[in-house]
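Chemist: Sharing data_7.txt here; it has compact mmCIF, C-alpha atoms.
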# COMPACT_ATOMS: atom_id res chain seq x y z
CA MET A 1 81.74 143.10 120.23
CA PRO A 2 81.57 141.85 116.62
CA GLN A 3 79.22 138.94 115.97
CA PRO A 4 80.81 135.75 114.57
CA PRO A 5 79.80 135.21 110.94
CA ASP A 6 76.76 133.03 110.33
CA PHE A 7 77.67 130.25 107.95
CA THR A 8 74.40 128.34 108.22
CA THR A 9 73.48 128.82 104.57
CA THR A 10 77.01 128.94 103.21
CA LEU A 11 77.98 126.07 100.93
CA ASP A 12 81.21 124.12 101.30
CA VAL A 13 82.48 125.45 97.96
CA GLN A 14 82.08 129.01 99.19
CA LEU A 15 83.83 128.22 102.45
CA VAL A 16 86.64 126.52 100.52
CA ALA A 17 87.02 129.58 98.28
CA SER A 18 87.21 131.88 101.32
CA SER A 19 89.69 129.54 103.01
CA GLN A 20 91.84 129.47 99.88
CA ALA A 21 91.95 133.26 100.14
CA GLY A 22 93.30 132.91 103.68
CA ASP A 23 90.09 133.18 105.72
CA MET A 24 90.71 131.01 108.74
CA ILE A 25 87.23 131.55 110.17
CA ALA A 26 85.76 129.95 107.05
CA PHE A 27 88.22 127.10 107.40
CA GLU A 28 87.23 126.58 111.02
CA GLU A 29 83.63 126.22 109.85
CA LEU A 30 84.73 123.50 107.39
CA VAL A 31 86.51 121.73 110.24
CA ALA A 32 83.37 121.96 112.39
CA ARG A 33 81.20 120.55 109.60
CA HIS A 34 83.39 117.58 108.71
CA ARG A 35 85.34 116.83 111.88
CA ASP A 36 83.16 113.87 112.89
CA LYS A 37 83.48 112.19 109.50
CA ILE A 38 87.25 112.73 109.32
CA TYR A 39 87.75 111.55 112.89
CA ALA A 40 85.50 108.51 112.28
CA ARG A 41 87.56 107.49 109.24
CA ALA A 42 90.79 107.81 111.22
CA PHE A 43 89.28 105.83 114.08
CA SER A 44 87.99 103.06 111.80
CA MET A 45 91.50 102.60 110.45
CA MET A 46 93.55 103.11 113.61
CA ARG A 47 91.13 101.59 116.16
CA ASN A 48 92.61 103.95 118.72
CA GLU A 49 91.00 107.16 119.95
CA GLU A 50 94.18 109.09 120.66
CA ASP A 51 95.81 108.24 117.32
CA ALA A 52 92.58 109.06 115.52
CA ILE A 53 92.34 112.51 117.12
CA ASP A 54 96.02 113.32 116.42
CA LEU A 55 95.92 112.11 112.82
CA SER A 56 92.64 113.81 112.02
CA GLN A 57 94.01 117.11 113.37
CA GLU A 58 97.21 116.61 111.38
CA ALA A 59 95.03 116.05 108.30
CA TRP A 60 93.33 119.42 108.84
CA VAL A 61 96.70 121.17 109.17
CA LYS A 62 97.84 119.53 105.92
CA ALA A 63 94.57 120.47 104.24
CA TRP A 64 95.10 124.14 105.13
CA GLN A 65 98.60 124.04 103.66
CA ARG A 66 97.39 122.33 100.46
CA LEU A 67 94.10 124.16 100.01
CA LYS A 68 95.36 125.85 96.86
CA GLN A 69 95.78 122.39 95.29
CA PHE A 70 92.09 121.58 95.80
CA GLN A 71 90.48 122.08 92.40
CA GLY A 72 86.99 120.87 93.26
CA ASP A 73 87.25 117.67 91.18
CA SER A 74 85.65 115.85 94.12
CA SER A 75 83.73 117.14 97.12
CA PHE A 76 85.72 118.80 99.87
CA ALA A 77 84.75 115.97 102.26
CA THR A 78 86.11 113.34 99.83
CA TRP A 79 89.33 115.31 99.38
CA MET A 80 89.76 115.63 103.16
CA THR A 81 89.03 111.93 103.65
CA ARG A 82 91.79 111.01 101.20
CA ILE A 83 94.24 113.12 103.21
CA VAL A 84 93.37 111.44 106.49
CA ILE A 85 93.43 107.96 104.88
CA ASN A 86 96.96 108.59 103.58
CA LEU A 87 98.14 109.82 106.97
CA CYS A 88 96.63 106.79 108.72
CA LEU A 89 98.24 104.41 106.21
CA ASP A 90 101.65 106.04 106.74
CA GLN A 91 101.25 105.69 110.49
CA LEU A 92 100.06 102.06 110.26
CA ARG A 93 103.03 101.17 108.04
CA ARG A 94 105.40 102.76 110.55
CA GLN A 95 103.75 100.87 113.41
CA LYS A 96 103.95 97.60 111.47
CA ARG A 97 107.67 98.00 110.89
CA THR A 98 108.29 98.29 114.60
CA ARG A 99 105.93 95.52 115.67
CA ALA A 100 106.52 91.78 115.49
CA GLU A 101 103.84 90.03 113.48
CA SER A 102 101.99 87.08 114.98
CA ILE A 103 102.00 83.77 113.10
CA GLU A 104 98.31 84.24 112.37
CA GLN A 105 98.96 87.64 110.83
CA LEU A 106 101.79 86.22 108.73
CA ASP A 107 99.44 83.47 107.50
CA GLU A 108 96.96 86.14 106.52
CA GLU A 109 99.63 88.04 104.65
CA LEU A 110 100.78 84.98 102.75
CA GLY A 111 97.20 84.27 101.68
CA GLY A 112 95.47 80.98 101.17
CA VAL A 113 93.97 80.90 104.68
CA GLU A 114 90.62 82.03 103.31
CA ARG A 115 90.44 78.91 101.16
CA GLN A 116 90.52 76.71 104.26
CA MET A 117 87.54 78.45 105.86
CA PRO A 118 84.25 76.61 105.42
CA VAL A 119 81.58 78.50 103.50
CA VAL A 120 78.99 80.07 105.80
CA ALA A 121 75.70 78.33 105.05
CA SER A 122 73.22 80.80 106.56
CA ASN A 123 73.23 84.60 106.51
CA PRO A 124 74.94 85.69 109.77
CA ALA A 125 73.36 89.15 109.48
CA GLU A 126 69.81 87.93 109.06
CA GLY A 127 67.26 89.08 111.62
CA LEU A 128 69.62 91.50 113.35
CA GLU A 129 68.60 95.03 114.26
CA ARG A 130 70.66 97.60 112.39
CA ALA A 131 72.33 98.87 115.55
CA GLU A 132 73.26 95.34 116.59
CA LEU A 133 74.57 94.51 113.11
CA ARG A 134 76.72 97.66 113.12
CA LYS A 135 78.09 96.73 116.51
CA ARG A 136 78.97 93.23 115.39
CA ILE A 137 80.56 94.40 112.14
CA ASP A 138 82.61 96.92 114.11
CA LYS A 139 83.72 94.22 116.55
CA ALA A 140 84.65 91.86 113.72
CA MET A 141 86.61 94.62 111.93
CA THR A 142 88.87 95.03 114.96
CA GLN A 143 89.98 91.42 114.48
CA LEU A 144 91.21 91.98 110.95
CA SER A 145 94.76 93.06 110.16
CA TYR A 146 95.04 96.71 109.16
CA GLU A 147 95.60 95.79 105.50
CA HIS A 148 92.40 93.74 105.31
CA ARG A 149 90.40 96.22 107.36
CA THR A 150 91.59 99.14 105.22
CA VAL A 151 90.72 97.43 101.93
CA LEU A 152 87.25 96.69 103.25
CA ILE A 153 86.78 100.27 104.49
CA LEU A 154 87.99 101.81 101.24
CA HIS A 155 85.87 99.52 99.07
CA GLU A 156 82.66 99.32 101.07
CA PHE A 157 82.53 102.64 102.91
CA GLU A 158 84.52 104.95 100.65
CA GLU A 159 83.22 103.16 97.53
CA MET A 160 86.62 103.11 95.90
CA GLU A 161 87.40 100.83 92.95
CA TYR A 162 90.15 98.19 93.08
CA LYS A 163 92.45 100.41 91.02
CA GLN A 164 92.05 103.41 93.31
CA ILE A 165 92.65 101.27 96.41
CA ALA A 166 95.79 99.80 94.85
CA LYS A 167 97.10 103.32 94.26
CA VAL A 168 96.34 104.52 97.79
CA MET A 169 97.75 101.37 99.41
CA ASN A 170 100.71 101.19 97.05
CA CYS A 171 100.10 97.56 96.03
CA SER A 172 98.84 95.64 93.00
CA ILE A 173 95.18 95.23 92.03
CA GLY A 174 95.62 91.47 92.57
CA THR A 175 96.70 92.11 96.17
CA VAL A 176 93.68 94.36 96.72
CA MET A 177 91.33 91.68 95.38
CA SER A 178 92.96 88.98 97.46
CA ARG A 179 92.85 91.09 100.64
CA LEU A 180 89.23 92.05 100.05
CA PHE A 181 88.31 88.41 99.48
CA TYR A 182 90.03 87.37 102.69
CA ALA A 183 88.45 90.24 104.66
CA ARG A 184 84.94 89.30 103.51
CA ARG A 185 85.42 85.62 104.21
CA ARG A 186 86.88 86.29 107.65
CA LEU A 187 84.10 88.74 108.42
CA ALA A 188 81.51 86.10 107.51
CA SER A 189 83.20 83.62 109.79
CA LEU A 190 83.44 86.11 112.68
CA LEU A 191 79.80 87.19 112.33
CA GLN A 192 78.79 83.54 112.28
CA SER A 193 80.69 82.93 115.51
CA LEU A 194 79.06 85.98 117.14
CA LYS A 195 75.65 84.71 116.09
CA LYS A 196 76.34 81.29 117.58
CA GLU A 197 77.59 82.88 120.82
CA GLN A 198 74.37 84.89 121.06
CA GLN A 199 72.19 81.84 120.41
CA SER A 200 73.89 79.58 122.97
CA MET B 201 92.73 85.55 88.27
CA ASN B 202 91.30 82.45 89.96
CA THR B 203 87.59 81.58 90.04
CA GLU B 204 87.10 82.80 93.62
CA LEU B 205 88.45 86.25 92.84
CA LYS B 206 86.39 86.31 89.64
CA LEU B 207 83.27 85.60 91.71
CA GLN B 208 84.12 88.56 93.88
CA ALA B 209 84.87 90.73 90.85
CA LEU B 210 81.43 89.81 89.46
CA LEU B 211 79.87 90.93 92.74
CA ASP B 212 81.79 94.21 92.61
CA GLY B 213 80.96 94.86 88.96
CA ALA B 214 84.58 94.62 87.88
CA LEU B 215 84.24 92.07 85.04
CA ASP B 216 83.72 92.62 81.34
CA ALA B 217 80.87 90.99 79.38
CA ARG B 218 82.89 87.95 78.31
CA GLU B 219 84.12 87.27 81.86
CA ILE B 220 80.59 87.67 83.25
CA ARG B 221 79.29 84.98 80.85
CA GLU B 222 82.22 82.75 81.78
CA ILE B 223 81.69 83.05 85.54
CA GLU B 224 77.90 82.72 85.27
CA THR B 225 78.40 79.39 83.52
CA ILE B 226 80.61 78.23 86.41
CA LEU B 227 78.02 79.41 88.96
CA ALA B 228 75.29 77.45 87.23
CA GLN B 229 77.33 74.26 87.28
CA ASP B 230 79.34 74.36 90.50
CA ILE B 231 77.47 74.21 93.84
CA GLN B 232 80.54 75.19 95.88
CA SER B 233 81.11 78.32 93.81
CA ALA B 234 77.42 79.22 94.10
CA ALA B 235 77.58 78.83 97.91
CA LEU B 236 80.70 80.97 98.09
CA MET B 237 79.06 83.61 95.90
CA GLN B 238 76.09 83.65 98.27
CA GLU B 239 78.37 84.19 101.27
CA LEU B 240 80.13 87.07 99.51
CA LYS B 241 76.78 88.66 98.64
CA TRP B 242 75.63 88.43 102.26
CA MET B 243 78.76 90.14 103.46
CA LYS B 244 78.62 92.90 100.90
CA ALA B 245 74.98 93.59 101.82
CA ALA B 246 75.71 93.42 105.56
CA VAL B 247 78.63 95.85 105.47
CA ALA B 248 77.19 98.39 103.02
CA GLY B 249 75.84 101.37 104.91
CA ASN B 250 76.51 99.77 108.26
CA GLU B 251 79.64 101.52 109.38
CA ALA B 252 79.64 102.18 113.10
CA GLU B 253 78.75 105.77 113.96
CA VAL B 254 81.65 107.44 115.73
CA LYS B 255 81.60 110.94 117.15
CA LEU B 256 84.63 113.03 117.92
CA PRO B 257 85.05 112.96 121.70
CA GLU B 258 86.20 116.61 121.89
CA THR B 259 84.47 119.98 121.79
CA ARG B 260 84.63 122.12 118.66
CA GLU B 261 86.79 124.75 120.35
CA PHE B 262 89.24 122.32 121.92
CA TYR B 263 89.65 120.32 118.71
CA TRP B 264 90.15 123.48 116.64
CA SER B 265 92.66 124.98 119.07
CA LYS B 266 95.20 122.25 118.31
CA ILE B 267 94.65 122.56 114.56
CA GLU B 268 95.13 126.32 114.83
CA ARG B 269 98.38 125.83 116.73
CA GLY B 270 99.52 123.29 114.13
CA ILE B 271 98.82 125.71 111.29
CA ALA B 272 100.71 128.50 113.12
CA ALA B 273 103.67 126.18 113.80
CA GLU B 274 103.85 125.11 110.16
CA ALA B 275 103.66 128.72 108.99
CA LYS B 276 106.50 129.62 111.36
CA LYS B 277 108.55 126.70 110.06
CA ALA B 278 107.91 127.74 106.47
CA ALA B 279 108.96 131.32 107.26
CA ALA B 280 112.13 130.12 108.96
CA ALA B 281 113.10 127.81 106.12
CA PRO B 282 114.45 130.52 103.73
CA ALA B 283 116.58 131.97 106.57
CA GLU B 284 118.02 128.53 107.28
CA ARG B 285 118.73 128.07 103.61
CA ALA B 286 120.40 131.47 103.48
CA TRP B 287 122.78 130.37 106.26
CA TRP B 288 124.37 127.65 104.17
CA LEU B 289 123.89 129.51 100.91
CA ARG B 290 126.19 132.20 102.32
CA PHE B 291 128.95 129.57 102.30
CA ILE B 292 127.98 127.52 99.32
CA TYR B 293 128.32 130.32 96.75
CA PRO B 294 131.92 131.36 97.68
CA ALA B 295 132.90 127.69 98.09
CA THR B 296 131.55 126.84 94.65
CA GLY B 297 133.37 129.83 93.16
CA LEU B 298 136.61 128.81 94.81
CA ALA B 299 136.25 125.21 93.64
CA ALA B 300 135.58 126.37 90.10
CA MET B 301 138.65 128.62 90.19
CA VAL B 302 140.87 125.78 91.42
CA ALA B 303 139.48 123.49 88.73
CA VAL B 304 140.20 126.05 86.01
CA MET B 305 143.75 126.59 87.31
CA PHE B 306 144.33 122.84 87.37
CA VAL B 307 143.13 122.39 83.82
CA VAL B 308 145.15 125.35 82.58
CA SER B 309 148.39 124.27 84.28
CA GLY B 310 147.92 120.60 83.39
CA GLY B 311 147.16 121.18 79.75
CA ARG B 312 150.15 123.41 78.98
CA THR B 313 153.84 122.95 79.87
CA THR B 314 155.89 125.97 80.77
CA ASP B 315 158.21 126.80 77.93
CA GLY B 316 161.60 125.13 78.36
CA ALA B 317 160.67 123.31 81.57
CA ASP B 318 161.80 119.73 82.05
CA THR B 319 159.48 117.08 83.45
CA GLU B 320 160.34 113.79 84.98
CA SER B 321 158.04 111.10 86.35
CA VAL B 322 159.32 108.64 88.93
CA PRO B 323 156.57 106.52 90.47
CA GLU B 324 157.76 104.37 93.35
CA ASP B 325 156.29 101.08 92.25
CA VAL B 326 157.48 100.93 88.65
CA ASN B 327 160.85 100.02 87.24
CA ALA B 328 160.84 102.41 84.32
CA ILE B 329 161.03 106.18 84.34
CA SER B 330 160.93 108.77 81.62
CA PHE B 331 162.53 112.16 81.20
CA ARG B 332 161.41 114.78 78.78
CA SER B 333 163.01 118.10 77.95
CA GLU B 334 160.94 120.59 76.05
CA ALA B 335 164.00 122.81 75.51
CA GLU B 336 165.99 120.00 73.97
CA ALA B 337 162.92 118.49 72.32
CA MET B 338 164.09 115.20 73.74
CA SER B 339 162.62 112.21 75.64
CA VAL B 340 164.66 109.55 77.47
CA VAL B 341 163.31 106.33 78.99
CA TYR B 342 165.26 104.59 81.81
CA VAL B 343 164.53 100.96 82.67
CA ALA B 344 165.72 99.46 85.96
CA ASP B 345 167.89 96.29 85.88
CA GLU B 346 167.68 93.49 88.48
CA ASN B 347 169.74 95.61 90.92
CA GLY B 348 167.30 98.51 90.67
CA THR B 349 169.74 100.65 88.69
CA PHE B 350 168.09 102.75 85.97
CA ASN B 351 169.70 102.78 82.51
CA PRO B 352 168.57 104.75 79.49
CA VAL B 353 167.16 102.48 76.74
CA GLY B 354 166.50 105.02 74.09
CA GLN B 355 166.19 108.63 73.35
CA GLU B 356 164.10 110.45 70.89
CA THR B 357 164.11 113.93 69.52
CA LYS B 358 161.01 115.47 68.13
CA ASN B 359 159.67 118.51 66.43
CA GLU B 360 162.95 119.38 64.76
CA PRO B 361 162.58 120.94 61.35
CA GLU B 362 163.57 118.60 58.51
CA ALA B 363 166.35 120.92 57.41
CA ASP B 364 168.12 120.77 60.80
CA LYS B 365 168.49 116.94 60.75
Reformat the file's structure so that it appears as structure tokens.
Modeler:
Amino acid sequence: MPQPPDFTTTLDVQLVASSQAGDMIAFEELVARHRDKIYARAFSMMRNEEDAIDLSQEAWVKAWQRLKQFQGDSSFATWMTRIVINLCLDQLRRQKRTRAESIEQLDEELGGVERQMPVVASNPAEGLERAELRKRIDKAMTQLSYEHRTVLILHEFEEMEYKQIAKVMNCSIGTVMSRLFYARRRLASLLQSLKKEQQS
Amino acid sequence: MNTELKLQALLDGALDAREIREIETILAQDIQSAALMQELKWMKAAVAGNEAEVKLPETREFYWSKIERGIAAEAKKAAAAPAERAWWLRFIYPATGLAAMVAVMFVVSGGRTTDGADTESVPEDVNAISFRSEAEAMSVVYVADENGTFNPVGQETKNEPEADK
């Protein structure tokens, strides 16, 4: 029985080149290497395990079809992440169209709410263990609308500039800045509340 | 851009030198802006590098099996697409040819009058009609009176050589 190829020392670029030539075993290795990251990005945006699995798998299928378009301008992981982000945004837009918005969400969309929030006077992250801070940030993120959550994810975790986010989200740079500002202010307020809950 | 968004842009390194000087002056003078800037800095520092760690809740083989099926399904779809196109292309080419032929015939027949043929136009909703005879080189216009009876109001002959007049 033939042994499966050992890709331990094979670089992503080599696997991409083999995949572009039609080698599906090499592509499966790329999937195995990056599946957690791609799934995690889908989950952070969708906040739903089932949707995240489906969309991340769809992203891999799309990646296989578009592999010839990958020129290596960015890393393969970055390129894959962009694909899954676009798929998640499409899905979130579709979901939003079919879902009635709450008054709170509409207020968020119209803006200005962040100006009414009092400034947090002490650092709500101070003295927290990293694991606890991550947990609280994750919990607070679930309470943001998908637009605010996505802007925060793209800027802070994907390290994208305002201009790039505007392009991906199909909105103006001003909207990106405003959403990011709101997301940060709301996050501060939520973390402050969690800290108070813990202390009382 | 308002001051609050400029504070954020300063934090994110998105301001030019002139704007940085401008916003730093505001920060030095306005306590509220300085407090807001501090809050934004805390949040940026708290979030950076602190994304929750999420692991795919499926095995490598199970996860890949669906991707593999998806790739196969897309390949099948792509292979079927030319056949589907061919189905309607079989009809579109003869239909286009036929339409072109009809158009040419229409233009040819409309642009040239058969030699000697007479033409008459009688629309229902007008009270004037014309008659033209190519053979006689003559045009007559009839105008209806109040009873709806058509009477000729003039006739004209054309294209006769000067010598024949």
Chemist: Using all atoms listed in the file, what does the table of chain B residues within 10 Å of chain A look like, with each row giving the shortest atom pair and its distance in Å to one decimal, sorted by chain and ascending number, as a tab-separated table?
Modeler:
residue	atom	partner	partner_atom	distance
B:Met201	CA	A:Gly174	CA	7.9
B:Glu204	CA	A:Phe181	CA	8.2
B:Leu205	CA	A:Met177	CA	6.7
B:Lys206	CA	A:Met177	CA	9.3
B:Leu207	CA	A:Phe181	CA	9.7
B:Gln208	CA	A:Phe181	CA	7.0
B:Ala209	CA	A:Met177	CA	7.9
B:Asp212	CA	A:Glu161	CA	8.7
B:Gly213	CA	A:Glu161	CA	9.6
B:Ala214	CA	A:Tyr162	CA	8.4
B:Gln232	CA	A:Val119	CA	8.4
B:Ser233	CA	A:Val119	CA	9.7
B:Ala235	CA	A:Val119	CA	6.9
B:Leu236	CA	A:Val119	CA	6.0
B:Met237	CA	A:Val119	CA	9.5
B:Gln238	CA	A:Ala121	CA	8.6
B:Glu239	CA	A:Val120	CA	6.2
B:Leu240	CA	A:Arg184	CA	6.6
B:Lys241	CA	A:Arg184	CA	9.5
B:Trp242	CA	A:Asn123	CA	6.2
B:Met243	CA	A:Arg184	CA	6.2
B:Lys244	CA	A:Glu156	CA	7.6
B:Ala245	CA	A:Ala125	CA	9.0
B:Ala246	CA	A:Ala125	CA	6.3
B:Val247	CA	A:Glu156	CA	6.9
B:Ala248	CA	A:Glu156	CA	5.9
B:Gly249	CA	A:Phe157	CA	7.1
B:Asn250	CA	A:Arg134	CA	5.3
B:Glu251	CA	A:Arg134	CA	6.1
B:Ala252	CA	A:Arg134	CA	5.4
B:Glu253	CA	A:Ala40	CA	7.5
B:Val254	CA	A:Ala40	CA	5.3
B:Lys255	CA	A:Asp36	CA	5.4
B:Leu256	CA	A:Asp36	CA	5.3
B:Pro257	CA	A:Glu49	CA	8.5
B:Glu258	CA	A:Ile53	CA	8.8
B:Thr259	CA	A:Ala32	CA	9.7
B:Arg260	CA	A:Ala32	CA	6.4
B:Glu261	CA	A:Ala32	CA	9.1
B:Tyr263	CA	A:Gln57	CA	7.6
B:Trp264	CA	A:Glu28	CA	7.1
B:Ser265	CA	A:Gln57	CA	9.8
B:Lys266	CA	A:Gln57	CA	7.2
B:Ile267	CA	A:Gln57	CA	5.6
B:Glu268	CA	A:Val61	CA	7.8
B:Arg269	CA	A:Val61	CA	9.0
B:Gly270	CA	A:Val61	CA	6.1
B:Ile271	CA	A:Val61	CA	5.4
B:Ala272	CA	A:Val61	CA	9.2
B:Ala273	CA	A:Val61	CA	9.8
B:Glu274	CA	A:Val61	CA	8.2
B:Ala275	CA	A:Gln65	CA	8.7
Chemist: Just to be explicit: take each residue in the selection above, keep C-alpha atoms, and write the result as a PDB file, in the frame of the given file.
Modeler:
ATOM      1  CA  MET B 201      92.730  85.550  88.270  1.00  0.00           C
ATOM      2  CA  GLU B 204      87.100  82.800  93.620  1.00  0.00           C
ATOM      3  CA  LEU B 205      88.450  86.250  92.840  1.00  0.00           C
ATOM      4  CA  LYS B 206      86.390  86.310  89.640  1.00  0.00           C
ATOM      5  CA  LEU B 207      83.270  85.600  91.710  1.00  0.00           C
ATOM      6  CA  GLN B 208      84.120  88.560  93.880  1.00  0.00           C
ATOM      7  CA  ALA B 209      84.870  90.730  90.850  1.00  0.00           C
ATOM      8  CA  ASP B 212      81.790  94.210  92.610  1.00  0.00           C
ATOM      9  CA  GLY B 213      80.960  94.860  88.960  1.00  0.00           C
ATOM     10  CA  ALA B 214      84.580  94.620  87.880  1.00  0.00           C
ATOM     11  CA  GLN B 232      80.540  75.190  95.880  1.00  0.00           C
ATOM     12  CA  SER B 233      81.110  78.320  93.810  1.00  0.00           C
ATOM     13  CA  ALA B 235      77.580  78.830  97.910  1.00  0.00           C
ATOM     14  CA  LEU B 236      80.700  80.970  98.090  1.00  0.00           C
ATOM     15  CA  MET B 237      79.060  83.610  95.900  1.00  0.00           C
ATOM     16  CA  GLN B 238      76.090  83.650  98.270  1.00  0.00           C
ATOM     17  CA  GLU B 239      78.370  84.190 101.270  1.00  0.00           C
ATOM     18  CA  LEU B 240      80.130  87.070  99.510  1.00  0.00           C
ATOM     19  CA  LYS B 241      76.780  88.660  98.640  1.00  0.00           C
ATOM     20  CA  TRP B 242      75.630  88.430 102.260  1.00  0.00           C
ATOM     21  CA  MET B 243      78.760  90.140 103.460  1.00  0.00           C
ATOM     22  CA  LYS B 244      78.620  92.900 100.900  1.00  0.00           C
ATOM     23  CA  ALA B 245      74.980  93.590 101.820  1.00  0.00           C
ATOM     24  CA  ALA B 246      75.710  93.420 105.560  1.00  0.00           C
ATOM     25  CA  VAL B 247      78.630  95.850 105.470  1.00  0.00           C
ATOM     26  CA  ALA B 248      77.190  98.390 103.020  1.00  0.00           C
ATOM     27  CA  GLY B 249      75.840 101.370 104.910  1.00  0.00           C
ATOM     28  CA  ASN B 250      76.510  99.770 108.260  1.00  0.00           C
ATOM     29  CA  GLU B 251      79.640 101.520 109.380  1.00  0.00           C
ATOM     30  CA  ALA B 252      79.640 102.180 113.100  1.00  0.00           C
ATOM     31  CA  GLU B 253      78.750 105.770 113.960  1.00  0.00           C
ATOM     32  CA  VAL B 254      81.650 107.440 115.730  1.00  0.00           C
ATOM     33  CA  LYS B 255      81.600 110.940 117.150  1.00  0.00           C
ATOM     34  CA  LEU B 256      84.630 113.030 117.920  1.00  0.00           C
ATOM     35  CA  PRO B 257      85.050 112.960 121.700  1.00  0.00           C
ATOM     36  CA  GLU B 258      86.200 116.610 121.890  1.00  0.00           C
ATOM     37  CA  THR B 259      84.470 119.980 121.790  1.00  0.00           C
ATOM     38  CA  ARG B 260      84.630 122.120 118.660  1.00  0.00           C
ATOM     39  CA  GLU B 261      86.790 124.750 120.350  1.00  0.00           C
ATOM     40  CA  TYR B 263      89.650 120.320 118.710  1.00  0.00           C
ATOM     41  CA  TRP B 264      90.150 123.480 116.640  1.00  0.00           C
ATOM     42  CA  SER B 265      92.660 124.980 119.070  1.00  0.00           C
ATOM     43  CA  LYS B 266      95.200 122.250 118.310  1.00  0.00           C
ATOM     44  CA  ILE B 267      94.650 122.560 114.560  1.00  0.00           C
ATOM     45  CA  GLU B 268      95.130 126.320 114.830  1.00  0.00           C
ATOM     46  CA  ARG B 269      98.380 125.830 116.730  1.00  0.00           C
ATOM     47  CA  GLY B 270      99.520 123.290 114.130  1.00  0.00           C
ATOM     48  CA  ILE B 271      98.820 125.710 111.290  1.00  0.00           C
ATOM     49  CA  ALA B 272     100.710 128.500 113.120  1.00  0.00           C
ATOM     50  CA  ALA B 273     103.670 126.180 113.800  1.00  0.00           C
ATOM     51  CA  GLU B 274     103.850 125.110 110.160  1.00  0.00           C
ATOM     52  CA  ALA B 275     103.660 128.720 108.990  1.00  0.00           C
TER      53      ALA B 275
END
Chemist: Calculate how many Å separate atom CA of Arg99 of chain A from atom CA of His148 of chain A, rounding to one decimal.
Modeler: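 Between atom CA of Arg99 of chain A and atom CA of His148 of chain A the gap is 17.1 Å.
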Chemist: Using all atoms listed in the file, which of the listed residues (A:Gln95, A:Leu55, A:Arg47, A:Leu67) sits closest to Ala21 of chain A?
Modeler: A:Leu67
Chemist: Which distance in Å separates atom CA of Met80 of chain A and atom CA of His34 of chain A, to one decimal?
Modeler: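 So the answer is 8.7 Å.
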Chemist: Mind pulling up the distance from atom CA of Ser172 of chain A to atom CA of Glu219 of chain B?
Modeler: 20.3 Å
